[in-house]
Each structure stands twice: as structure tokens, then as C-alpha cells.
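The file structure33.pdb contains PDB, C-alpha atoms, pLDDT in the B column:
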ATOM      1  CA  MET A   1      80.753  91.072 102.959  1.00 66.00           C
ATOM      2  CA  SER A   2      77.037  91.455 103.630  1.00 84.00           C
ATOM      3  CA  PHE A   3      74.610  90.045 101.084  1.00 93.00           C
ATOM      4  CA  TYR A   4      72.184  92.314  99.217  1.00 96.00           C
ATOM      5  CA  PRO A   5      69.969  91.033  96.416  1.00 97.00           C
ATOM      6  CA  ASP A   6      70.538  92.570  93.004  1.00 98.00           C
ATOM      7  CA  LEU A   7      68.588  95.807  92.457  1.00 98.00           C
ATOM      8  CA  HIS A   8      67.973  96.240  96.200  1.00 97.00           C
ATOM      9  CA  THR A   9      67.662  99.850  97.372  1.00 97.00           C
ATOM     10  CA  ALA A  10      70.470  99.469  99.927  1.00 95.00           C
ATOM     11  CA  SER A  11      74.041  98.186 100.012  1.00 93.00           C
ATOM     12  CA  MET A  12      76.992  98.333 102.398  1.00 90.00           C
ATOM     13  CA  VAL A  13      77.812 101.875 101.245  1.00 90.00           C
ATOM     14  CA  GLY A  14      74.427 103.557 100.983  1.00 90.00           C
ATOM     15  CA  ARG A  15      70.700 103.408 100.524  1.00 93.00           C
ATOM     16  CA  GLY A  16      67.933 105.320  98.784  1.00 94.00           C
ATOM     17  CA  ASP A  17      64.878 104.910  96.598  1.00 96.00           C
ATOM     18  CA  ARG A  18      66.990 105.286  93.445  1.00 96.00           C
ATOM     19  CA  HIS A  19      69.907 103.218  94.753  1.00 97.00           C
ATOM     20  CA  ARG A  20      70.444  99.797  93.159  1.00 97.00           C
ATOM     21  CA  ALA A  21      72.782  97.189  94.666  1.00 97.00           C
ATOM     22  CA  ILE A  22      74.617  94.944  92.199  1.00 98.00           C
ATOM     23  CA  GLY A  23      76.912  91.998  92.897  1.00 97.00           C
ATOM     24  CA  TRP A  24      76.841  92.009  96.714  1.00 96.00           C
ATOM     25  CA  LEU A  25      77.200  88.227  96.867  1.00 96.00           C
ATOM     26  CA  ALA A  26      77.714  85.854  99.783  1.00 94.00           C
ATOM     27  CA  SER A  27      78.456  82.140  99.948  1.00 93.00           C
ATOM     28  CA  ASP A  28      75.202  81.305 101.751  1.00 94.00           C
ATOM     29  CA  HIS A  29      72.978  82.865  99.067  1.00 95.00           C
ATOM     30  CA  PRO A  30      72.451  81.610  95.493  1.00 95.00           C
ATOM     31  CA  PHE A  31      73.121  84.029  92.644  1.00 96.00           C
ATOM     32  CA  PRO A  32      72.255  84.090  88.931  1.00 97.00           C
ATOM     33  CA  CYS A  33      74.784  82.482  86.599  1.00 97.00           C
ATOM     34  CA  GLY A  34      75.376  82.908  82.896  1.00 97.00           C
ATOM     35  CA  THR A  35      77.688  84.544  80.401  1.00 94.00           C
ATOM     36  CA  VAL A  36      78.239  88.137  79.381  1.00 95.00           C
ATOM     37  CA  SER A  37      80.227  89.424  76.441  1.00 96.00           C
ATOM     38  CA  GLY A  38      83.945  89.933  76.684  1.00 96.00           C
ATOM     39  CA  ALA A  39      83.409  93.500  75.460  1.00 97.00           C
ATOM     40  CA  PHE A  40      81.187  94.229  78.455  1.00 97.00           C
ATOM     41  CA  VAL A  41      83.758  92.784  80.851  1.00 97.00           C
ATOM     42  CA  GLU A  42      86.448  95.042  79.390  1.00 97.00           C
ATOM     43  CA  VAL A  43      84.258  98.130  79.789  1.00 98.00           C
ATOM     44  CA  LEU A  44      83.436  97.144  83.378  1.00 98.00           C
ATOM     45  CA  LYS A  45      87.129  96.566  84.125  1.00 97.00           C
ATOM     46  CA  ARG A  46      87.936 100.105  82.959  1.00 97.00           C
ATOM     47  CA  HIS A  47      85.268 101.554  85.225  1.00 97.00           C
ATOM     48  CA  VAL A  48      86.512  99.531  88.200  1.00 96.00           C
ATOM     49  CA  ALA A  49      90.168 100.396  87.575  1.00 95.00           C
ATOM     50  CA  SER A  50      89.433 104.142  87.595  1.00 93.00           C
ATOM     51  CA  ALA A  51      86.402 104.119  89.892  1.00 93.00           C
ATOM     52  CA  PHE A  52      85.505 107.420  91.488  1.00 91.00           C
ATOM     53  CA  GLN A  53      85.015 106.836  95.217  1.00 86.00           C
ATOM     54  CA  PRO A  54      82.596 109.309  96.862  1.00 83.00           C
ATOM     55  CA  LEU A  55      83.410 107.777 100.232  1.00 76.00           C
ATOM     56  CA  ALA A  56      86.092 105.586 101.756  1.00 64.00           C
ATOM     57  CA  PHE A  57      85.319 101.924 102.433  1.00 60.00           C
ATOM     58  CA  ALA A  58      87.432 100.447 105.196  1.00 56.00           C
ATOM     59  CA  GLY A  59      88.690  96.888 105.062  1.00 67.00           C
ATOM     60  CA  ILE A  60      89.509  94.287 102.422  1.00 85.00           C
ATOM     61  CA  HIS A  61      87.062  91.536 101.472  1.00 88.00           C
ATOM     62  CA  THR A  62      88.224  88.100 100.336  1.00 92.00           C
ATOM     63  CA  CYS A  63      86.052  86.110  97.950  1.00 95.00           C
ATOM     64  CA  GLU A  64      83.865  83.724  99.955  1.00 94.00           C
ATOM     65  CA  PHE A  65      83.620  81.280  97.051  1.00 96.00           C
ATOM     66  CA  CYS A  66      87.292  80.571  96.382  1.00 95.00           C
ATOM     67  CA  GLY A  67      89.374  82.524  98.891  1.00 93.00           C
ATOM     68  CA  ASN A  68      91.841  83.433  96.145  1.00 93.00           C
ATOM     69  CA  TYR A  69      90.920  87.056  95.448  1.00 93.00           C
ATOM     70  CA  SER A  70      90.614  90.130  97.648  1.00 92.00           C
ATOM     71  CA  ALA A  71      89.425  93.674  96.989  1.00 90.00           C
ATOM     72  CA  ALA A  72      88.278  96.738  98.903  1.00 87.00           C
ATOM     73  CA  GLY A  73      86.866  99.328  96.509  1.00 90.00           C
ATOM     74  CA  ASN A  74      83.470  99.858  94.925  1.00 94.00           C
ATOM     75  CA  VAL A  75      82.196 101.178  91.627  1.00 96.00           C
ATOM     76  CA  TRP A  76      79.327 103.612  91.062  1.00 96.00           C
ATOM     77  CA  VAL A  77      77.425 103.598  87.752  1.00 98.00           C
ATOM     78  CA  PRO A  78      74.976 106.525  87.680  1.00 97.00           C
ATOM     79  CA  THR A  79      72.162 107.003  85.188  1.00 97.00           C
ATOM     80  CA  ALA A  80      69.463 109.632  84.883  1.00 96.00           C
ATOM     81  CA  ASP A  81      67.051 107.386  86.818  1.00 97.00           C
ATOM     82  CA  VAL A  82      69.095 105.328  89.318  1.00 97.00           C
ATOM     83  CA  VAL A  83      72.648 104.737  90.510  1.00 97.00           C
ATOM     84  CA  TYR A  84      74.049 101.200  90.512  1.00 98.00           C
ATOM     85  CA  VAL A  85      76.596 100.388  93.225  1.00 96.00           C
ATOM     86  CA  ALA A  86      78.771  97.291  93.082  1.00 96.00           C
ATOM     87  CA  PRO A  87      81.881  96.033  94.896  1.00 95.00           C
ATOM     88  CA  GLU A  88      84.962  95.986  92.660  1.00 94.00           C
ATOM     89  CA  MET A  89      84.913  92.225  93.332  1.00 95.00           C
ATOM     90  CA  ILE A  90      82.152  92.082  90.713  1.00 97.00           C
ATOM     91  CA  VAL A  91      84.679  91.556  87.909  1.00 97.00           C
ATOM     92  CA  HIS A  92      86.091  88.519  89.724  1.00 97.00           C
ATOM     93  CA  TYR A  93      82.577  87.170  90.327  1.00 98.00           C
ATOM     94  CA  ILE A  94      81.810  87.429  86.605  1.00 98.00           C
ATOM     95  CA  THR A  95      85.061  86.047  85.225  1.00 97.00           C
ATOM     96  CA  ASP A  96      85.770  83.370  87.846  1.00 97.00           C
ATOM     97  CA  HIS A  97      82.358  82.395  89.234  1.00 97.00           C
ATOM     98  CA  ASN A  98      80.051  82.918  86.253  1.00 97.00           C
ATOM     99  CA  TYR A  99      77.962  85.572  88.020  1.00 98.00           C
ATOM    100  CA  LEU A 100      75.397  87.126  85.688  1.00 98.00           C
ATOM    101  CA  PRO A 101      74.497  90.728  86.576  1.00 98.00           C
ATOM    102  CA  PRO A 102      71.094  92.140  85.559  1.00 98.00           C
ATOM    103  CA  ASN A 103      70.720  93.284  81.952  1.00 97.00           C
ATOM    104  CA  GLU A 104      69.825  96.815  83.013  1.00 97.00           C
ATOM    105  CA  PHE A 105      73.132  97.107  84.867  1.00 98.00           C
ATOM    106  CA  CYS A 106      75.034  95.884  81.812  1.00 97.00           C
ATOM    107  CA  ARG A 107      73.319  98.511  79.674  1.00 97.00           C
ATOM    108  CA  ALA A 108      74.123 101.202  82.251  1.00 98.00           C
ATOM    109  CA  VAL A 109      77.806 100.215  82.330  1.00 98.00           C
ATOM    110  CA  ASP A 110      78.025 100.405  78.538  1.00 97.00           C
ATOM    111  CA  ALA A 111      76.413 103.870  78.549  1.00 97.00           C
ATOM    112  CA  CYS A 112      78.217 105.260  81.613  1.00 97.00           C
ATOM    113  CA  PRO A 113      80.578 108.203  80.999  1.00 96.00           C
ATOM    114  CA  THR A 114      84.224 107.887  82.022  1.00 95.00           C
ATOM    115  CA  GLN A 115      84.583 107.763  85.796  1.00 94.00           C
ATOM    116  CA  ALA A 116      85.032 111.230  87.377  1.00 89.00           C
ATOM    117  CA  SER A 117      84.486 113.013  84.048  1.00 91.00           C
ATOM    118  CA  PRO A 118      82.229 116.113  84.157  1.00 88.00           C
ATOM    119  CA  GLU A 119      79.406 114.107  82.566  1.00 92.00           C
ATOM    120  CA  PHE A 120      79.824 111.345  85.168  1.00 94.00           C
ATOM    121  CA  MET A 121      79.869 113.831  88.048  1.00 90.00           C
ATOM    122  CA  ARG A 122      76.677 115.520  86.840  1.00 90.00           C
ATOM    123  CA  LEU A 123      74.911 112.157  86.781  1.00 94.00           C
ATOM    124  CA  LEU A 124      76.251 111.119  90.195  1.00 93.00           C
ATOM    125  CA  ALA A 125      75.610 114.373  92.085  1.00 89.00           C
ATOM    126  CA  PRO A 126      71.855 113.812  92.742  1.00 91.00           C
ATOM    127  CA  TYR A 127      72.647 110.548  94.557  1.00 93.00           C
ATOM    128  CA  LEU A 128      75.434 111.706  96.873  1.00 90.00           C
ATOM    129  CA  SER A 129      73.107 111.961  99.876  1.00 89.00           C
ATOM    130  CA  TYR A 130      72.532 108.201  99.552  1.00 88.00           C
ATOM    131  CA  PHE A 131      76.156 107.669 100.591  1.00 86.00           C
ATOM    132  CA  GLY A 132      76.252 110.217 103.406  1.00 82.00           C
ATOM    133  CA  THR A 133      78.002 112.779 101.185  1.00 82.00           C
ATOM    134  CA  ARG A 134      76.532 116.229 100.701  1.00 80.00           C
ATOM    135  CA  PRO A 135      76.053 117.621  97.190  1.00 80.00           C
ATOM    136  CA  PRO A 136      78.982 119.669  95.885  1.00 85.00           C
ATOM    137  CA  ASP A 137      79.055 123.447  95.961  1.00 87.00           C
ATOM    138  CA  PRO A 138      78.297 125.279  92.700  1.00 88.00           C
ATOM    139  CA  LEU A 139      81.299 125.349  90.380  1.00 90.00           C
ATOM    140  CA  PRO A 140      83.289 128.588  90.286  1.00 94.00           C
ATOM    141  CA  THR A 141      82.183 131.057  87.638  1.00 94.00           C
ATOM    142  CA  PRO A 142      84.505 131.688  84.658  1.00 94.00           C
ATOM    143  CA  GLY A 143      85.716 134.853  86.378  1.00 96.00           C
ATOM    144  CA  GLN A 144      86.493 132.996  89.595  1.00 95.00           C
ATOM    145  CA  GLN A 145      88.236 130.254  87.626  1.00 95.00           C
ATOM    146  CA  ALA A 146      90.502 132.879  86.034  1.00 96.00           C
ATOM    147  CA  GLN A 147      91.377 134.254  89.480  1.00 96.00           C
ATOM    148  CA  ILE A 148      92.110 130.783  90.813  1.00 96.00           C
ATOM    149  CA  ALA A 149      94.382 130.205  87.807  1.00 96.00           C
ATOM    150  CA  LYS A 150      96.398 133.275  88.824  1.00 97.00           C
ATOM    151  CA  LEU A 151      96.585 131.954  92.398  1.00 97.00           C
ATOM    152  CA  LEU A 152      97.880 128.619  91.082  1.00 97.00           C
ATOM    153  CA  THR A 153     100.499 130.340  88.925  1.00 97.00           C
ATOM    154  CA  THR A 154     101.791 132.136  92.008  1.00 97.00           C
ATOM    155  CA  ALA A 155     101.819 128.834  93.885  1.00 97.00           C
ATOM    156  CA  PHE A 156     103.887 127.120  91.166  1.00 97.00           C
ATOM    157  CA  TYR A 157     106.558 129.826  91.355  1.00 97.00           C
ATOM    158  CA  ASP A 158     106.486 129.638  95.146  1.00 97.00           C
ATOM    159  CA  ILE A 159     106.878 125.846  95.086  1.00 97.00           C
ATOM    160  CA  ALA A 160     109.864 126.186  92.743  1.00 97.00           C
ATOM    161  CA  ARG A 161     111.417 128.792  95.051  1.00 97.00           C
ATOM    162  CA  LEU A 162     110.933 126.579  98.104  1.00 97.00           C
ATOM    163  CA  CYS A 163     112.476 123.613  96.285  1.00 97.00           C
ATOM    164  CA  ARG A 164     115.510 125.651  95.233  1.00 97.00           C
ATOM    165  CA  ARG A 165     116.205 126.641  98.814  1.00 95.00           C
ATOM    166  CA  GLY A 166     115.768 123.036  99.965  1.00 96.00           C
ATOM    167  CA  ASP A 167     112.512 123.467 101.902  1.00 96.00           C
ATOM    168  CA  SER A 168     110.772 120.394 100.527  1.00 95.00           C
ATOM    169  CA  THR A 169     108.294 120.142 103.427  1.00 96.00           C
ATOM    170  CA  ALA A 170     106.909 123.626 102.794  1.00 96.00           C
ATOM    171  CA  ALA A 171     106.787 122.971  99.048  1.00 97.00           C
ATOM    172  CA  ALA A 172     104.885 119.742  99.648  1.00 96.00           C
ATOM    173  CA  VAL A 173     102.194 121.291 101.838  1.00 95.00           C
ATOM    174  CA  LEU A 174     101.593 124.085  99.317  1.00 96.00           C
ATOM    175  CA  ALA A 175     101.423 121.572  96.468  1.00 96.00           C
ATOM    176  CA  THR A 176      99.022 119.406  98.479  1.00 95.00           C
ATOM    177  CA  ALA A 177      96.701 122.342  99.150  1.00 95.00           C
ATOM    178  CA  CYS A 178      96.586 123.331  95.472  1.00 96.00           C
ATOM    179  CA  ALA A 179      96.708 119.920  93.799  1.00 93.00           C
ATOM    180  CA  ASP A 180      92.984 119.333  93.291  1.00 90.00           C
ATOM    181  CA  LEU A 181      91.928 122.892  92.464  1.00 93.00           C
ATOM    182  CA  PRO A 182      92.590 122.759  88.687  1.00 92.00           C
ATOM    183  CA  SER A 183      90.490 119.654  88.076  1.00 88.00           C
ATOM    184  CA  GLU A 184      87.695 120.145  90.581  1.00 89.00           C
ATOM    185  CA  MET A 185      86.970 123.765  89.648  1.00 89.00           C
ATOM    186  CA  HIS A 186      86.051 122.504  86.155  1.00 88.00           C
ATOM    187  CA  GLY A 187      83.899 119.616  87.410  1.00 85.00           C
ATOM    188  CA  TRP A 188      86.476 116.820  87.289  1.00 86.00           C
ATOM    189  CA  GLY A 189      85.610 115.756  90.806  1.00 83.00           C
ATOM    190  CA  LEU A 190      83.396 117.313  93.459  1.00 86.00           C
ATOM    191  CA  TRP A 191      83.907 121.002  94.136  1.00 88.00           C
ATOM    192  CA  TYR A 192      83.744 121.736  97.859  1.00 88.00           C
ATOM    193  CA  ARG A 193      84.582 125.341  98.625  1.00 88.00           C
ATOM    194  CA  HIS A 194      85.996 124.624 102.088  1.00 87.00           C
ATOM    195  CA  ILE A 195      88.507 121.883 101.260  1.00 88.00           C
ATOM    196  CA  PHE A 196      91.237 124.322 100.256  1.00 92.00           C
ATOM    197  CA  SER A 197      90.949 126.297 103.492  1.00 88.00           C
ATOM    198  CA  ARG A 198      91.191 123.111 105.535  1.00 87.00           C
ATOM    199  CA  LEU A 199      94.325 122.040 103.664  1.00 91.00           C
ATOM    200  CA  VAL A 200      95.844 125.479 104.180  1.00 91.00           C
ATOM    201  CA  ARG A 201      95.094 125.276 107.884  1.00 88.00           C
ATOM    202  CA  ASN A 202      96.726 121.853 108.097  1.00 90.00           C
ATOM    203  CA  GLY A 203      99.799 123.146 106.239  1.00 93.00           C
ATOM    204  CA  ARG A 204     100.399 126.306 108.268  1.00 93.00           C
ATOM    205  CA  PRO A 205     102.690 124.659 110.852  1.00 94.00           C
ATOM    206  CA  SER A 206     105.052 123.550 108.057  1.00 95.00           C
ATOM    207  CA  TYR A 207     104.750 126.678 105.909  1.00 96.00           C
ATOM    208  CA  PRO A 208     103.335 129.799 107.600  1.00 94.00           C
ATOM    209  CA  GLY A 209     103.417 131.648 104.272  1.00 95.00           C
ATOM    210  CA  ILE A 210     100.617 129.448 102.972  1.00 95.00           C
ATOM    211  CA  GLY A 211      98.154 131.644 104.822  1.00 93.00           C
ATOM    212  CA  ALA A 212      98.513 134.320 102.143  1.00 95.00           C
ATOM    213  CA  TYR A 213      96.944 131.917  99.650  1.00 96.00           C
ATOM    214  CA  LEU A 214      93.870 131.547 101.818  1.00 93.00           C
ATOM    215  CA  ASP A 215      93.585 135.330 102.040  1.00 93.00           C
ATOM    216  CA  GLU A 216      93.592 135.523  98.244  1.00 94.00           C
ATOM    217  CA  TYR A 217      91.179 132.602  97.970  1.00 95.00           C
ATOM    218  CA  ASN A 218      88.750 134.282 100.348  1.00 93.00           C
ATOM    219  CA  ALA A 219      89.063 137.504  98.332  1.00 94.00           C
ATOM    220  CA  ILE A 220      87.722 135.512  95.360  1.00 94.00           C
ATOM    221  CA  PHE A 221      84.839 133.798  97.169  1.00 91.00           C
ATOM    222  CA  GLY A 222      84.196 135.888 100.274  1.00 89.00           C
ATOM    223  CA  GLU A 223      85.041 134.933 103.818  1.00 80.00           C
ATOM    224  CA  ASP A 224      84.923 131.218 104.524  1.00 72.00           C
ATOM    225  CA  THR A 225      81.901 129.998 106.480  1.00 66.00           C
ATOM    226  CA  ASP A 226      83.107 126.415 106.935  1.00 68.00           C
ATOM    227  CA  PRO A 227      81.814 125.312 110.374  1.00 64.00           C
ATOM    228  CA  GLU A 228      84.978 123.320 111.075  1.00 64.00           C
ATOM    229  CA  LEU A 229      87.202 126.286 110.245  1.00 61.00           C
ATOM    230  CA  THR A 230      84.990 128.655 112.234  1.00 66.00           C
ATOM    231  CA  ALA A 231      85.270 126.392 115.281  1.00 69.00           C
ATOM    232  CA  TYR A 232      89.035 126.163 114.797  1.00 62.00           C
ATOM    233  CA  MET A 233      89.424 129.946 114.600  1.00 64.00           C
ATOM    234  CA  ALA A 234      87.248 130.400 117.690  1.00 72.00           C
ATOM    235  CA  ALA A 235      89.414 127.930 119.603  1.00 74.00           C
ATOM    236  CA  GLN A 236      92.576 129.731 118.444  1.00 70.00           C
ATOM    237  CA  ALA A 237      91.143 133.053 119.629  1.00 73.00           C
ATOM    238  CA  GLN A 238      90.177 131.518 122.958  1.00 74.00           C
ATOM    239  CA  ASP A 239      93.698 130.130 123.436  1.00 73.00           C
ATOM    240  CA  LYS A 240      95.143 133.523 122.625  1.00 71.00           C
ATOM    241  CA  ARG A 241      92.899 135.277 125.131  1.00 72.00           C
ATOM    242  CA  GLY A 242      93.820 132.659 127.749  1.00 69.00           C
ATOM    243  CA  GLY A 243      97.524 133.236 127.108  1.00 65.00           C
ATOM    244  CA  GLU A 244      97.183 137.001 127.411  1.00 65.00           C
ATOM    245  CA  SER A 245      95.356 136.729 130.739  1.00 62.00           C
ATOM    246  CA  THR A 246      98.054 134.642 132.410  1.00 56.00           C
TER     247      THR A 246
END

Could you take the file, read its structure, and then write that structure out as C-alpha cells?
Amino acid sequence: MSFYPDLHTASMVGRGDRHRAIGWLASDHPFPCGTVSGAFVEVLKRHVASAFQPLAFAGIHTCEFCGNYSAAGNVWVPTADVVYVAPEMIVHYITDHNYLPPNEFCRAVDACPTQASPEFMRLLAPYLSYFGTRPPDPLPTPGQQAQIAKLLTTAFYDIARLCRRGDSTAAAVLATACADLPSEMHGWGLWYRHIFSRLVRNGRPSYPGIGAYLDEYNAIFGEDTDPELTAYMAAQAQDKRGGEST
């Protein structure tokens, strides 16, 4: 794992003027040692165990100091002023190698809302560009949320029907497309308008009937302008024209 000094404005997963690296240690660099309270460690453990991951981080890192612990994830601790970013290995560094994180990070951890809660997401959203992730779309209005709830009710009945007739593959793709809508439309996660349409597109080969859900979804929000979907539809139209000309 690359070394970054504590409170640096860059880390392995992002950079920005309000970004603060914490706990990016390496065996060839000294680090501050000391003790922190057991209560703080327990709070940090809860954040790490349920850490919201705004981007995937490939590969597993093994502790360079002892070789007895490996981890892959990271933890984000946003505040109104900065966002602290640490590898999940930070708990091991504290408990097994006496690493002492900066006091301001400890205070931020104690004050941080539950990972992925609406309060957490509101604090994190201004920093998403630091990690190569675009800000989320505006949350659906109460009226749109009510319409999505009706769409989900229809989907539940459809999933039950598909299960009863033994079509588990079709049921699974419909469930996958709808799974995140209830939480994300209320701010428990990042609301991206286009994700549902992409999941529907991916599920069409296994369940052609899923397309009706996208029609209803677009009736709620207007026609989808997702560049990836637009390119896909253009390619489909081109293939169709090519087939008709042969």
C-alpha cells in the first residue's frame, strides 16, 4: 500500500483540497504511536464494519509490519469542512501496532453519522468528485416516491408469480433491478436516475417483461437521457436496420 502522511490532501482512492488521508502507513516510514480510548476504537470498528464505499478498491493489502492481517476496504468519515479517508486496516494499526491517528480524526469519527444514513450521505456528497464519482441526482419528489412505491408493489407481485411458476431467473433479474430503489430514493445511498434503466437493460434477455417497468419508470421521470443507454439503443437500431437491409 502506498504511503501518505496523515492529513495529506491525497490518498490511494482520491484527492482534493478538502480530502484528508489518515492511516496510509508503510513499513519504510515512521508513524505516530500512542493510545486511544477503547470507546473510540469501538466506534471506529462500527464505521469500518458498515463502511459505505463510493468506489471499488481492487486488491487485498497485507500488513507490512506483521504480515498477519489483510484487508481491502476503506472508510470515509465526512464532516462539514473535510472528508477523512482511511484504509480499513486502520483498526489493526491502532490495536496491534499502537498507531495514533490525529485528534481531529478521532473527533470526526465520534461525531460521524451512521455510515450510509441520510445524514452521512448529505455530508459525503460534496466530496464525491474527489473519488472520481459524480454527485448524485436530486432525490425523487414525494409524488415521484409514491409512484415508485406503486411500481415496486407491482414488481413484488410479479416476482411472486414468477417464483410460483418456477422461473427463478426472471424473478431474480426483476428483484435485482428493484432492490436498491426503496432505500436510495429516500437518501439511504446515492440516487442515480439511470441505474434502474441499466439494470433493466441487463435483465431483458432473461425476462423480456421487465421492459414494462422501464416504461413506467420513464413515465414518472421522463425519457431517460443516460448516455450509455442512448448509445445502446442507437446500436440496437443500427443492428435492426442492418438486418432489414440484408

How would you write, as a list of chain:residue names, the residues chosen by the PyMOL selection byres ((chain A and resi 170-186) around 8) on this structure?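 This file gives the following for the PyMOL selection byres ((chain A and resi 170-186) around 8): A:Pro118, A:Leu139, A:Pro140, A:Gln145, A:Ala149, A:Leu152, A:Ala155, A:Asp158, A:Ile159, A:Ala160, A:Leu162, A:Cys163, A:Asp167, A:Ser168, A:Thr169, A:Gly187, A:Trp188, A:Gly189, A:Leu190, A:Trp191, A:Phe196, A:Leu199, A:Val200, A:Gly203, A:Ser206, A:Tyr207, A:Ile210.
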
Report, in Å with one decimal, the straight-line distance from atom CA of A:Tyr69 to atom CA of A:Val82.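 Atom CA of A:Val82 lies 29.1 Å from atom CA of A:Tyr69.
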
What do you get, as a tab-separated table (two decimals) with C-alpha atoms, in the coordinates of the input, if you spell out every residue that the PyMOL selection byres ((chain A and resi 121-129) around 12) selects here?
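Result file is selection.tsv:
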chain	number	residue	atom	x	y	z
A	13	VAL	CA	77.81	101.88	101.24
A	14	GLY	CA	74.43	103.56	100.98
A	15	ARG	CA	70.70	103.41	100.52
A	16	GLY	CA	67.93	105.32	98.78
A	17	ASP	CA	64.88	104.91	96.60
A	18	ARG	CA	66.99	105.29	93.44
A	19	HIS	CA	69.91	103.22	94.75
A	20	ARG	CA	70.44	99.80	93.16
A	51	ALA	CA	86.40	104.12	89.89
A	52	PHE	CA	85.50	107.42	91.49
A	53	GLN	CA	85.02	106.84	95.22
A	54	PRO	CA	82.60	109.31	96.86
A	55	LEU	CA	83.41	107.78	100.23
A	75	VAL	CA	82.20	101.18	91.63
A	76	TRP	CA	79.33	103.61	91.06
A	77	VAL	CA	77.42	103.60	87.75
A	78	PRO	CA	74.98	106.52	87.68
A	79	THR	CA	72.16	107.00	85.19
A	80	ALA	CA	69.46	109.63	84.88
A	81	ASP	CA	67.05	107.39	86.82
A	82	VAL	CA	69.10	105.33	89.32
A	83	VAL	CA	72.65	104.74	90.51
A	84	TYR	CA	74.05	101.20	90.51
A	85	VAL	CA	76.60	100.39	93.22
A	108	ALA	CA	74.12	101.20	82.25
A	111	ALA	CA	76.41	103.87	78.55
A	112	CYS	CA	78.22	105.26	81.61
A	113	PRO	CA	80.58	108.20	81.00
A	114	THR	CA	84.22	107.89	82.02
A	115	GLN	CA	84.58	107.76	85.80
A	116	ALA	CA	85.03	111.23	87.38
A	117	SER	CA	84.49	113.01	84.05
A	118	PRO	CA	82.23	116.11	84.16
A	119	GLU	CA	79.41	114.11	82.57
A	120	PHE	CA	79.82	111.34	85.17
A	130	TYR	CA	72.53	108.20	99.55
A	131	PHE	CA	76.16	107.67	100.59
A	132	GLY	CA	76.25	110.22	103.41
A	133	THR	CA	78.00	112.78	101.18
A	134	ARG	CA	76.53	116.23	100.70
A	135	PRO	CA	76.05	117.62	97.19
A	136	PRO	CA	78.98	119.67	95.88
A	137	ASP	CA	79.06	123.45	95.96
A	138	PRO	CA	78.30	125.28	92.70
A	139	LEU	CA	81.30	125.35	90.38
A	184	GLU	CA	87.70	120.14	90.58
A	186	HIS	CA	86.05	122.50	86.16
A	187	GLY	CA	83.90	119.62	87.41
A	188	TRP	CA	86.48	116.82	87.29
A	189	GLY	CA	85.61	115.76	90.81
A	190	LEU	CA	83.40	117.31	93.46
A	191	TRP	CA	83.91	121.00	94.14

Step by step, work through what the PyMOL selection byres ((chain A and resi 92) around 12) selects in the shown file, and finish by giving those residues as a PyMOL selection string. chain A and resi 23+25+41+44-45+48+62-71+86-91+93-100

Quick one: distance from atom CA of A:Thr153 to atom CA of A:Tyr213 in Å, one decimal?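 A separation of 11.4 Å between them.
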
Do you have the atom CA of A:Tyr4-atom CA of A:Phe31 distance handy?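 Distance between the two atoms: 10.6 Å.
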
Of the residues A:Gly211, A:Pro102, A:Gly143, A:Pro5, which is the one nearest to A:His29, using only C-alpha atoms?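 Under the stated criterion, the closest residue is A:Pro5.
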
Surrounding residues of A:Phe221 excluding itself and chain neighbours under 4 positions, 10 Å, only C-alpha atoms, as a list of chain:residue names: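 My list of contacting residues is A:Pro140, A:Gln144, A:Arg193, A:Glu216, A:Tyr217.
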
Counting all atoms listed in the file, which of A:Ala49, A:Ala10, A:Ala146, A:Ile220 gets nearest to A:Ile22?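 Nearest to A:Ile22: A:Ala10.
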
From the options A:Cys106, A:Ala212, A:Ile195, A:Val36, which residue's atoms come nearest to A:Thr154, counting all atoms listed in the file?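 Once distances to A:Thr154 are computed over all atoms listed in the file, the minimum belongs to A:Ala212.
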